[in-house]
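As structure tokens, the structure follows; a few thoughts come after it.
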Amino acid sequence: MIAFGPIPSRRLGRSLGINNIPPKVCTYSCVYCQLGRTIRMQVERRAFYEPDATFQAVQDKVEKVRAAGEVIDYLTFVPDGEPTLDANLGHETELLRPLGIGIAVITNGSLIWRKDVREDLMRADWVSLKVDATREEVWHKIDRPHGTLRLASILDGMLEFAQGYEGELATETMLVEGLNEGEDCLGEVADFLARLGPARAYLSIPTRPPAEGWVRPPDEETINRAYQILSERVRHVEYLIGYEGNAFAFTGDVEEDLLSITAVHPMREEAVRDFLARAGADWPVVQGLIARGQLIEMEYAGIKFYMRKLNYRR
Ligand code: SF4
């Protein structure tokens with residue numbers, strides 16, 4: 001199915017997905033990929049579907065969704081593979097423009113060293129680039145790139161793209177236990193992101209069954225530390241750790257709201273106290289959430305933080 005959704009996305013609101021790549025053709029074979037191991041590794045761009053057929057499928061879906069009285073915030077290229085492998089990506093973006101909806105692309109960025117790929121991505125309103133590691137050996141272990149790809153060229157291509165891009169640029173860094181969550185490694189990622197200057201840098205963890213059974217997310221302490229390391233150098237850092245459903249909600253329920261906020265970023269103790277005071281609640285709310293295993297308390301640089309407990313199995 002070329003067009004699917006819309007699905008709720010914390011980053012993009014209600015996002016109608018565009019699957020412009022057949023499963024699973026990619027330039028990477030990430031150890032955490034929720035689509036499993038890559039069936040066809042390739043780096044050559046080519047046409048997969050007729051652009052007119054892609055446009056028609058999306059237009060039909062948009063009409064149906066609108067007829068049902070629903071809203072679409074973004075049309076998002078988020079296929080079962082790497083979207084920039086599609087040689088028609090730029091053309092398709094132009095075809096979709098008259099629908100009057102923002103266009104987003106979630107890419108691993110591995111082909112961004114190519115001028116034609118940068119030009120295609122420039123046409124989108126919102127672009128997310130994958131930055132799991134800036135060290136060659138770590139990148140090889142986690143993203144398992146096609147043999148002809150070079151990390152230095154990719155990172156240079158990202159910087160060049162960011163300089164000229166007028167849309168909203170986001171990055172996503174997936175944390176995998178034992179691979180890229182060390183302080184040195186993340187410090188270098190943070191340095192790179194500081195140069196790139198994304199509007200938002202997202203930190204995520206594998207929450208769905210990964211391609212390799214041994215892949216584990218780091219524990220909450222490590223995720224909090226990663227957040228702090230990135231936040232020291234990058235302005236807007238957020239978690240993407242699998243709570244898309246209620247992250248927008250303001251329920252008026254102090255427990256739910258506290259869990260929603262701490263699912264996006266850890267809160268300092270003083271911020272939690274301030275929040276409770278405004279909500280007319282007391283500290284036992286926090287103690288109750290901790291006792292029920294929904295919230296955890298941890299320390300970083302002598303400051304106490306609170307974070308929603310992750311609900312994955314280890
Ligand atoms: S880049 Fe995306 S689609 Fe490709 S292997 Fe990695 S996670 Fe899967």
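Numbering starts fresh at 1 for the residues of each chain in the structure tokens, the chains themselves are lettered A, B, ... in the order given, and ligands are numbered from 1 as they appear.
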
Would you give me, as a tab-separated table, each residue of chain A having an atom within 7 Å of an atom of ligand 1, along with its shortest atom pair and that distance in Å to one decimal, using only C-alpha atoms and all ligand atoms and sorting by chain and residue number?
residue	atom	partner	partner_atom_place_in_ligand_line	distance
A:Cys26	CA	ligand 1	4 (Fe)	4.9
A:Thr27	CA	ligand 1	4 (Fe)	6.3
A:Tyr28	CA	ligand 1	5 (S)	4.6
A:Ser29	CA	ligand 1	5 (S)	3.8
A:Cys30	CA	ligand 1	6 (Fe)	4.1
A:Tyr32	CA	ligand 1	7 (S)	6.5
A:Cys33	CA	ligand 1	7 (S)	4.1
A:Gln34	CA	ligand 1	8 (Fe)	6.5
A:Leu35	CA	ligand 1	8 (Fe)	6.0
A:Arg37	CA	ligand 1	5 (S)	6.9
A:Thr38	CA	ligand 1	5 (S)	6.0
A:Asp80	CA	ligand 1	3 (S)	5.8
A:Gly81	CA	ligand 1	3 (S)	4.1
A:Glu82	CA	ligand 1	4 (Fe)	5.6
A:Asn108	CA	ligand 1	1 (S)	5.0
A:Asp143	CA	ligand 1	6 (Fe)	6.1

Would you mind writing down, as an MDAnalysis selection string, each residue of region 46-277 of chain A that DSSP on the backbone assigns to helix (DSSP H, G or I)? chainID A and resid 51:67 83:85 89:99 115:122 136:143 151:164 183:196 220:233 254:264 269:277

Polymer residues at most 10 Å from Gly280 (chain A), only C-alpha atoms, same-chain spacing of 5 or more positions, as a PyMOL selection string: chain A and resi 254+274-275

Between A:Leu75, A:Ala53, A:Leu310, A:Ala277, which is the closest to Ile7 (chain A) once you count only C-alpha atoms?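 Comparing A:Leu75, A:Ala53, A:Leu310, A:Ala277 against Ile7 (chain A), the winner is A:Leu75.
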
From the set A:Pro98, A:Gly178, A:Gly69, A:Pro198, which residue has the shortest atom-to-atom contact distance to Leu129 (chain A), counting only C-alpha atoms?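 When distances to Leu129 (chain A) are compared using only C-alpha atoms, the smallest one comes from A:Pro198.
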
Out of region 52-279 of chain A, which residues get strand (DSSP E) from DSSP, as an mmCIF file with all heavy atoms, in the first residue's frame?
data_model
loop_
_atom_site.group_PDB
_atom_site.id
_atom_site.type_symbol
_atom_site.label_atom_id
_atom_site.label_comp_id
_atom_site.auth_asym_id
_atom_site.auth_seq_id
_atom_site.Cartn_x
_atom_site.Cartn_y
_atom_site.Cartn_z
ATOM 1 N N TYR A 74 0.673 16.229 8.029
ATOM 2 C CA TYR A 74 1.818 16.017 7.135
ATOM 3 C C TYR A 74 1.603 14.812 6.231
ATOM 4 O O TYR A 74 0.991 13.812 6.652
ATOM 5 C CB TYR A 74 3.109 15.759 7.940
ATOM 6 C CG TYR A 74 3.824 17.027 8.346
ATOM 7 C CD1 TYR A 74 3.635 17.566 9.611
ATOM 8 C CD2 TYR A 74 4.685 17.676 7.466
ATOM 9 C CE1 TYR A 74 4.278 18.734 9.993
ATOM 10 C CE2 TYR A 74 5.341 18.843 7.845
ATOM 11 C CZ TYR A 74 5.139 19.365 9.104
ATOM 12 O OH TYR A 74 5.774 20.515 9.474
ATOM 13 N N LEU A 75 2.117 14.917 5.024
ATOM 14 C CA LEU A 75 2.287 13.752 4.150
ATOM 15 C C LEU A 75 3.745 13.345 4.348
ATOM 16 O O LEU A 75 4.648 14.156 4.111
ATOM 17 C CB LEU A 75 2.048 14.138 2.685
ATOM 18 C CG LEU A 75 0.693 14.771 2.365
ATOM 19 C CD1 LEU A 75 0.666 15.252 0.917
ATOM 20 C CD2 LEU A 75 -0.426 13.755 2.625
ATOM 21 N N THR A 76 3.974 12.135 4.810
ATOM 22 C CA THR A 76 5.330 11.773 5.229
ATOM 23 C C THR A 76 5.887 10.585 4.438
ATOM 24 O O THR A 76 5.297 9.499 4.437
ATOM 25 C CB THR A 76 5.335 11.410 6.729
ATOM 26 O OG1 THR A 76 4.712 12.463 7.449
ATOM 27 C CG2 THR A 76 6.750 11.221 7.243
ATOM 28 N N PHE A 77 7.013 10.818 3.783
ATOM 29 C CA PHE A 77 7.718 9.710 3.127
ATOM 30 C C PHE A 77 8.424 8.918 4.227
ATOM 31 O O PHE A 77 9.428 9.359 4.790
ATOM 32 C CB PHE A 77 8.736 10.232 2.118
ATOM 33 C CG PHE A 77 8.117 10.784 0.863
ATOM 34 C CD1 PHE A 77 7.791 12.129 0.753
ATOM 35 C CD2 PHE A 77 7.845 9.944 -0.213
ATOM 36 C CE1 PHE A 77 7.206 12.643 -0.405
ATOM 37 C CE2 PHE A 77 7.264 10.440 -1.382
ATOM 38 C CZ PHE A 77 6.945 11.792 -1.468
ATOM 39 N N GLY A 102 1.680 19.913 4.465
ATOM 40 C CA GLY A 102 3.129 19.874 4.666
ATOM 41 C C GLY A 102 3.704 18.516 4.259
ATOM 42 O O GLY A 102 3.045 17.486 4.419
ATOM 43 N N ILE A 103 4.922 18.528 3.728
ATOM 44 C CA ILE A 103 5.538 17.276 3.271
ATOM 45 C C ILE A 103 6.792 16.998 4.091
ATOM 46 O O ILE A 103 7.660 17.873 4.255
ATOM 47 C CB ILE A 103 5.857 17.347 1.766
ATOM 48 C CG1 ILE A 103 4.529 17.502 0.998
ATOM 49 C CG2 ILE A 103 6.619 16.095 1.305
ATOM 50 C CD1 ILE A 103 4.670 17.774 -0.468
ATOM 51 N N ALA A 104 6.870 15.785 4.617
ATOM 52 C CA ALA A 104 7.995 15.400 5.482
ATOM 53 C C ALA A 104 8.711 14.185 4.904
ATOM 54 O O ALA A 104 8.102 13.361 4.210
ATOM 55 C CB ALA A 104 7.472 15.078 6.884
ATOM 56 N N VAL A 105 10.006 14.088 5.195
ATOM 57 C CA VAL A 105 10.777 12.910 4.780
ATOM 58 C C VAL A 105 11.595 12.428 5.981
ATOM 59 O O VAL A 105 12.333 13.209 6.585
ATOM 60 C CB VAL A 105 11.749 13.214 3.613
ATOM 61 C CG1 VAL A 105 12.446 11.931 3.156
ATOM 62 C CG2 VAL A 105 11.032 13.872 2.443
ATOM 63 N N ILE A 106 11.448 11.159 6.308
ATOM 64 C CA ILE A 106 12.266 10.573 7.376
ATOM 65 C C ILE A 106 13.309 9.688 6.696
ATOM 66 O O ILE A 106 12.980 8.647 6.137
ATOM 67 C CB ILE A 106 11.378 9.770 8.351
ATOM 68 C CG1 ILE A 106 10.378 10.718 9.023
ATOM 69 C CG2 ILE A 106 12.247 9.062 9.404
ATOM 70 C CD1 ILE A 106 9.437 10.063 10.019
ATOM 71 N N THR A 107 14.548 10.180 6.695
ATOM 72 C CA THR A 107 15.608 9.505 5.937
ATOM 73 C C THR A 107 16.790 9.155 6.837
ATOM 74 O O THR A 107 17.023 9.821 7.848
ATOM 75 C CB THR A 107 16.096 10.407 4.772
ATOM 76 O OG1 THR A 107 17.306 9.868 4.209
ATOM 77 C CG2 THR A 107 16.401 11.826 5.219
ATOM 78 N N TRP A 126 9.789 19.386 6.059
ATOM 79 C CA TRP A 126 10.314 18.834 7.324
ATOM 80 C C TRP A 126 11.157 17.622 6.962
ATOM 81 O O TRP A 126 10.711 16.758 6.211
ATOM 82 C CB TRP A 126 9.138 18.423 8.208
ATOM 83 C CG TRP A 126 9.436 18.029 9.612
ATOM 84 C CD1 TRP A 126 9.340 18.814 10.725
ATOM 85 C CD2 TRP A 126 9.837 16.730 10.099
ATOM 86 N NE1 TRP A 126 9.659 18.092 11.847
ATOM 87 C CE2 TRP A 126 9.959 16.811 11.499
ATOM 88 C CE3 TRP A 126 10.102 15.512 9.467
ATOM 89 C CZ2 TRP A 126 10.349 15.731 12.279
ATOM 90 C CZ3 TRP A 126 10.488 14.426 10.236
ATOM 91 C CH2 TRP A 126 10.603 14.556 11.639
ATOM 92 N N VAL A 127 12.378 17.599 7.453
ATOM 93 C CA VAL A 127 13.268 16.465 7.145
ATOM 94 C C VAL A 127 13.911 15.970 8.429
ATOM 95 O O VAL A 127 14.380 16.762 9.245
ATOM 96 C CB VAL A 127 14.374 16.883 6.131
ATOM 97 C CG1 VAL A 127 15.447 15.804 6.005
ATOM 98 C CG2 VAL A 127 13.776 17.160 4.755
ATOM 99 N N SER A 128 13.900 14.656 8.617
ATOM 100 C CA SER A 128 14.601 14.068 9.752
ATOM 101 C C SER A 128 15.771 13.237 9.245
ATOM 102 O O SER A 128 15.617 12.415 8.339
ATOM 103 C CB SER A 128 13.662 13.169 10.559
ATOM 104 O OG SER A 128 14.409 12.462 11.540
ATOM 105 N N LEU A 129 16.952 13.480 9.830
ATOM 106 C CA LEU A 129 18.166 12.749 9.460
ATOM 107 C C LEU A 129 18.604 11.843 10.607
ATOM 108 O O LEU A 129 18.572 12.258 11.766
ATOM 109 C CB LEU A 129 19.308 13.738 9.166
ATOM 110 C CG LEU A 129 19.074 14.772 8.057
ATOM 111 C CD1 LEU A 129 20.242 15.766 8.028
ATOM 112 C CD2 LEU A 129 18.929 14.087 6.705
ATOM 113 N N LYS A 130 19.040 10.667 10.272
ATOM 114 C CA LYS A 130 19.520 9.727 11.289
ATOM 115 C C LYS A 130 20.980 10.023 11.627
ATOM 116 O O LYS A 130 21.828 10.068 10.730
ATOM 117 C CB LYS A 130 19.411 8.299 10.720
ATOM 118 C CG LYS A 130 19.802 7.206 11.704
ATOM 119 C CD LYS A 130 19.886 5.840 11.016
ATOM 120 C CE LYS A 130 18.561 5.311 10.533
ATOM 121 N NZ LYS A 130 17.603 5.031 11.617
ATOM 122 N N GLU A 168 12.059 22.674 8.287
ATOM 123 C CA GLU A 168 12.389 22.317 9.670
ATOM 124 C C GLU A 168 13.225 21.037 9.676
ATOM 125 O O GLU A 168 12.778 20.000 9.191
ATOM 126 C CB GLU A 168 11.101 22.129 10.478
ATOM 127 C CG GLU A 168 11.396 21.994 11.947
ATOM 128 C CD GLU A 168 10.130 22.054 12.794
ATOM 129 O OE1 GLU A 168 9.144 22.681 12.371
ATOM 130 O OE2 GLU A 168 10.156 21.439 13.879
ATOM 131 N N LEU A 169 14.408 21.152 10.235
ATOM 132 C CA LEU A 169 15.322 20.008 10.255
ATOM 133 C C LEU A 169 15.309 19.333 11.626
ATOM 134 O O LEU A 169 15.435 19.995 12.655
ATOM 135 C CB LEU A 169 16.747 20.482 9.936
ATOM 136 C CG LEU A 169 17.818 19.394 9.875
ATOM 137 C CD1 LEU A 169 17.554 18.419 8.731
ATOM 138 C CD2 LEU A 169 19.203 20.021 9.702
ATOM 139 N N ALA A 170 15.135 18.016 11.609
ATOM 140 C CA ALA A 170 15.185 17.238 12.852
ATOM 141 C C ALA A 170 16.249 16.157 12.701
ATOM 142 O O ALA A 170 16.649 15.818 11.579
ATOM 143 C CB ALA A 170 13.825 16.603 13.122
ATOM 144 N N THR A 171 16.727 15.645 13.821
ATOM 145 C CA THR A 171 17.629 14.493 13.762
ATOM 146 C C THR A 171 17.090 13.428 14.703
ATOM 147 O O THR A 171 16.324 13.717 15.620
ATOM 148 C CB THR A 171 19.065 14.850 14.205
ATOM 149 O OG1 THR A 171 19.012 15.364 15.543
ATOM 150 C CG2 THR A 171 19.691 15.860 13.275
ATOM 151 N N GLU A 172 17.507 12.204 14.450
ATOM 152 C CA GLU A 172 17.102 11.118 15.330
ATOM 153 C C GLU A 172 18.326 10.249 15.631
ATOM 154 O O GLU A 172 19.049 9.852 14.729
ATOM 155 C CB GLU A 172 16.014 10.277 14.656
ATOM 156 C CG GLU A 172 15.483 9.214 15.594
ATOM 157 C CD GLU A 172 14.227 8.531 15.053
ATOM 158 O OE1 GLU A 172 13.545 9.115 14.189
ATOM 159 O OE2 GLU A 172 13.955 7.409 15.500
ATOM 160 N N THR A 173 18.532 10.012 16.896
ATOM 161 C CA THR A 173 19.651 9.173 17.328
ATOM 162 C C THR A 173 19.083 8.006 18.118
ATOM 163 O O THR A 173 18.456 8.203 19.159
ATOM 164 C CB THR A 173 20.621 10.000 18.207
ATOM 165 O OG1 THR A 173 21.087 11.121 17.449
ATOM 166 C CG2 THR A 173 21.810 9.156 18.667
ATOM 167 N N MET A 174 19.274 6.813 17.614
ATOM 168 C CA MET A 174 18.779 5.612 18.292
ATOM 169 C C MET A 174 19.863 5.098 19.235
ATOM 170 O O MET A 174 20.995 4.880 18.821
ATOM 171 C CB MET A 174 18.451 4.545 17.235
ATOM 172 C CG MET A 174 17.941 3.255 17.797
ATOM 173 S SD MET A 174 16.245 3.395 18.385
ATOM 174 C CE MET A 174 15.335 3.032 16.891
ATOM 175 N N ARG A 200 15.129 20.297 16.204
ATOM 176 C CA ARG A 200 14.932 19.337 17.298
ATOM 177 C C ARG A 200 15.832 18.135 17.080
ATOM 178 O O ARG A 200 15.974 17.656 15.952
ATOM 179 C CB ARG A 200 13.492 18.842 17.347
ATOM 180 C CG ARG A 200 12.616 19.787 18.081
ATOM 181 C CD ARG A 200 11.354 19.153 18.616
ATOM 182 N NE ARG A 200 10.763 19.984 19.649
ATOM 183 C CZ ARG A 200 10.372 21.232 19.481
ATOM 184 N NH1 ARG A 200 10.526 21.808 18.334
ATOM 185 N NH2 ARG A 200 9.847 21.924 20.472
ATOM 186 N N ALA A 201 16.432 17.658 18.159
ATOM 187 C CA ALA A 201 17.227 16.426 18.101
ATOM 188 C C ALA A 201 16.490 15.382 18.941
ATOM 189 O O ALA A 201 16.289 15.598 20.138
ATOM 190 C CB ALA A 201 18.628 16.672 18.650
ATOM 191 N N TYR A 202 16.057 14.320 18.312
ATOM 192 C CA TYR A 202 15.308 13.295 19.030
ATOM 193 C C TYR A 202 16.227 12.150 19.432
ATOM 194 O O TYR A 202 17.097 11.727 18.656
ATOM 195 C CB TYR A 202 14.184 12.744 18.152
ATOM 196 C CG TYR A 202 13.080 13.748 17.927
ATOM 197 C CD1 TYR A 202 13.017 14.478 16.743
ATOM 198 C CD2 TYR A 202 12.107 13.968 18.887
ATOM 199 C CE1 TYR A 202 12.002 15.406 16.529
ATOM 200 C CE2 TYR A 202 11.091 14.899 18.692
ATOM 201 C CZ TYR A 202 11.046 15.609 17.516
ATOM 202 O OH TYR A 202 10.049 16.521 17.307
ATOM 203 N N LEU A 203 15.988 11.660 20.635
ATOM 204 C CA LEU A 203 16.681 10.462 21.116
ATOM 205 C C LEU A 203 15.660 9.345 21.158
ATOM 206 O O LEU A 203 14.594 9.502 21.753
ATOM 207 C CB LEU A 203 17.181 10.684 22.545
ATOM 208 C CG LEU A 203 18.517 11.383 22.719
ATOM 209 C CD1 LEU A 203 18.750 11.638 24.207
ATOM 210 C CD2 LEU A 203 19.660 10.563 22.137
ATOM 211 N N SER A 204 15.962 8.229 20.534
ATOM 212 C CA SER A 204 14.999 7.129 20.586
ATOM 213 C C SER A 204 15.692 5.856 21.049
ATOM 214 O O SER A 204 16.925 5.788 21.148
ATOM 215 C CB SER A 204 14.320 6.946 19.224
ATOM 216 O OG SER A 204 15.274 6.770 18.224
ATOM 217 N N VAL A 237 16.231 19.052 22.697
ATOM 218 C CA VAL A 237 16.401 17.601 22.666
ATOM 219 C C VAL A 237 15.134 16.979 23.246
ATOM 220 O O VAL A 237 14.598 17.472 24.240
ATOM 221 C CB VAL A 237 17.617 17.159 23.513
ATOM 222 C CG1 VAL A 237 17.834 15.659 23.408
ATOM 223 C CG2 VAL A 237 18.859 17.921 23.087
ATOM 224 N N GLU A 238 14.658 15.933 22.606
ATOM 225 C CA GLU A 238 13.457 15.258 23.108
ATOM 226 C C GLU A 238 13.603 13.754 22.966
ATOM 227 O O GLU A 238 14.287 13.273 22.077
ATOM 228 C CB GLU A 238 12.207 15.689 22.315
ATOM 229 C CG GLU A 238 11.679 17.028 22.726
ATOM 230 C CD GLU A 238 10.326 17.333 22.084
ATOM 231 O OE1 GLU A 238 9.633 16.397 21.641
ATOM 232 O OE2 GLU A 238 9.993 18.517 22.020
ATOM 233 N N TYR A 239 12.909 13.048 23.828
ATOM 234 C CA TYR A 239 12.837 11.592 23.692
ATOM 235 C C TYR A 239 11.768 11.214 22.682
ATOM 236 O O TYR A 239 10.735 11.866 22.589
ATOM 237 C CB TYR A 239 12.364 10.941 25.001
ATOM 238 C CG TYR A 239 13.282 11.037 26.160
ATOM 239 C CD1 TYR A 239 12.755 11.215 27.431
ATOM 240 C CD2 TYR A 239 14.648 10.898 26.024
ATOM 241 C CE1 TYR A 239 13.568 11.285 28.538
ATOM 242 C CE2 TYR A 239 15.474 10.974 27.130
ATOM 243 C CZ TYR A 239 14.925 11.159 28.383
ATOM 244 O OH TYR A 239 15.721 11.227 29.470
ATOM 245 N N LEU A 240 12.019 10.134 22.016
ATOM 246 C CA LEU A 240 10.975 9.466 21.209
ATOM 247 C C LEU A 240 11.006 8.029 21.681
ATOM 248 O O LEU A 240 11.700 7.202 21.110
ATOM 249 C CB LEU A 240 11.373 9.468 19.738
ATOM 250 C CG LEU A 240 10.927 10.559 18.810
ATOM 251 C CD1 LEU A 240 11.317 10.173 17.398
ATOM 252 C CD2 LEU A 240 9.437 10.802 18.887
ATOM 253 N N MET A 267 12.437 15.457 33.967
ATOM 254 C CA MET A 267 12.171 16.717 34.691
ATOM 255 C C MET A 267 13.055 16.806 35.915
ATOM 256 O O MET A 267 13.198 15.834 36.661
ATOM 257 C CB MET A 267 10.704 16.756 35.144
ATOM 258 C CG MET A 267 9.724 17.061 34.041
ATOM 259 S SD MET A 267 8.022 16.949 34.652
ATOM 260 C CE MET A 267 7.744 18.608 35.258
ATOM 261 N N ARG A 268 13.612 17.989 36.150
ATOM 262 C CA ARG A 268 14.355 18.223 37.388
ATOM 263 C C ARG A 268 13.383 18.234 38.555
ATOM 264 O O ARG A 268 12.205 18.574 38.381
ATOM 265 C CB ARG A 268 15.030 19.595 37.336
ATOM 266 C CG ARG A 268 16.200 19.665 36.421
ATOM 267 C CD ARG A 268 16.594 21.118 36.254
ATOM 268 N NE ARG A 268 17.810 21.190 35.476
ATOM 269 C CZ ARG A 268 18.946 21.712 35.926
ATOM 270 N NH1 ARG A 268 19.005 22.255 37.120
ATOM 271 N NH2 ARG A 268 20.017 21.705 35.176
#

Atom-to-atom span, CA of Arg135 (chain A) and CA of Asp184 (chain A), Å: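 Pair CA of Arg135 (chain A) / CA of Asp184 (chain A) returns 10.0 Å.
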